[in-house]
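Visitor: Take this structure first; my questions come after.
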Amino acid sequence: MAAPVDLQIGCRCGQFGAVLKDVSPAMGSHVQCHCTDCQTAARVLGAEEQLLPRGGSDIFQTTPAHLQITNGQEHLACLRLSPKGLMRWYAGCCDTPLFNCLPHTKLAFVGIWVPALQGEAVDKAIGKVIAVVRTQEAPIGSERLREYGFNRAGFQVLARHFGALMRGQVKQTPLFDTSGKPIVVPRVLSKEERKAATPS
Ligand SMILES: [Zn+2]
Ligand SMILES: [Zn+2]
């Protein structure tokens with residue numbers, strides 16, 4: 001198996017940067033989510049051109065201990081589609097989607113927006129797609145989608161969480177402070193804003 005590599009993460013304008021350390025197919029799960037919420041979030045940020053052909057979000061799920069912010073932290077912003085929604089982090093300088101996570105640090109989980117990963121090594125480092133999910137919510141299109149891997153991806157999230165638990169890394173994340181509060185106050189969409197951005 002190829003040696004793990006560090007991958008740079010960058011926004012579209014280059015003012016925000018982060019690094020994902022020791023990336024290999026074994027330390028994460030490459031998944032593609034076609035759910036309406038992921039499509040809506042991309043539309044709010046004007047990032048539709050970074051979606052897959054059928055509106056899917058290309059995500060590399062891993063544990064947040066691998067993530068380090070390197071520059072432009074002041075541009076980091078966070079969006080929630082509802083008061084209970086996922087935390088969807090983005091670079092406010094140019095509205096590039098970056099990370100998804102839960103609103104607390106009890107589960108060692110982060111989803112990295114694959115289009116923000118940079119360099120020649122990305123495809124090999126994150127490995128093949130192990131799950132394509134929520135395809136019934138994809139807009140009509142010519143590319144055929146096959147749904148698979150939902151349970152496998154879920155199992156891998158838990159397996160990585162327990163690994164992080166053994167290593168004492170569950171709460172190790174650059175997105176929350178030591179008291180478990182997110183480092184920026186999330187912007188929660190109003191019902192009207194959410195409805196306006198939801199694909200019909
Ligand atoms: Zn930017
Ligand atoms: Zn989704």
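Chain labels follow the order of the structure tokens: the first chain is A, the next B, and so on; residue numbering restarts at 1 in every chain, and ligands are counted from 1 in their shown order.
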Excluding same-chain residues fewer than 5 positions from A:Arg134, what lies within 12 Å of it counting only C-alpha atoms, as a count of residues only?
Guide: 20
Visitor: Where does DSSP see alpha helix (DSSP H) in stretch 6-136 of chain A, if you list the residues as an NGL selection string?
Guide: :A and (36-44 or 122-126)
Visitor: Could you tell me which of A:Phe162, A:Phe16, A:Trp89, A:Phe99 comes closest to A:Val184 if we count only C-alpha atoms?
Guide: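 The closest residue to A:Val184 is A:Trp89.
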Visitor: Taking only C-alpha atoms and all ligand atoms into account, which residues have an atom no farther than 8 Å from ligand 1? I'd like them as a VMD selection string.
Guide: chain A and resid 10 to 16 75 91 to 96
Visitor: Find the spatial neighbours of stretch 100-105 of chain A, counting only C-alpha atoms, within a cut-off of 8 Å - ignore same-chain residues fewer than 4 positions away - and output them as a ChimeraX atom specification.
Guide: /A:86-89,109-113,170-171,176,180-182
Visitor: When you count only C-alpha atoms, which of these residues is closest to A:Lys191: A:Leu81, A:Ile130, A:Leu175, A:Leu7?
Guide: A:Leu81
Visitor: Could you please write out, as a list in words, every residue of stretch 27-63 of chain A that DSSP assigns to strand (DSSP E or B)?
Guide: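 Secondary structure check on stretch 27-63 of chain A, strand (DSSP E or B): Ser29, His30, Val31, Gln32, Cys33, Ser57, Asp58, Ile59, Phe60, Gln61 and Thr62 of chain A.
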Visitor: With only C-alpha atoms as the basis for distance, which of A:Thr135, A:Asn151, A:Gln73, A:Gln68 is at the shortest distance from A:Leu52?
Guide: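 Checking each candidate against A:Leu52, we get A:Thr135 as the closest.
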Visitor: Do you have the atom CA of A:Tyr90-atom CA of A:Arg167 distance handy?
Guide: 28.1 Å
Visitor: Using Å and a single decimal, report how far atom CA of A:Asn71 sits from atom CA of A:Gln8.
Guide: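 Straight-line distance from atom CA of A:Gln8 to atom CA of A:Asn71 works out to 11.1 Å.
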Visitor: Considering only C-alpha atoms, state which residue in the set A:Gly46, A:Pro53, A:Gly127, A:Gly168 is at the smallest distance from A:Ser142.
Guide: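 That would be A:Pro53, the residue with the smallest distance to A:Ser142.
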Visitor: Rank A:Ser29, A:Ser24, A:Thr198, A:Ser179 by their smallest atom-to-atom distance to A:Gln61, using only C-alpha atoms, and report the top residue only.
Guide: A:Ser29
Visitor: Between A:Ala197, A:Val188, A:Ala164, A:Ile59, single out the one closest to ligand 2, counting only C-alpha atoms and all ligand atoms.
Guide: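 Distance minimum relative to ligand 2 lands on A:Ile59.
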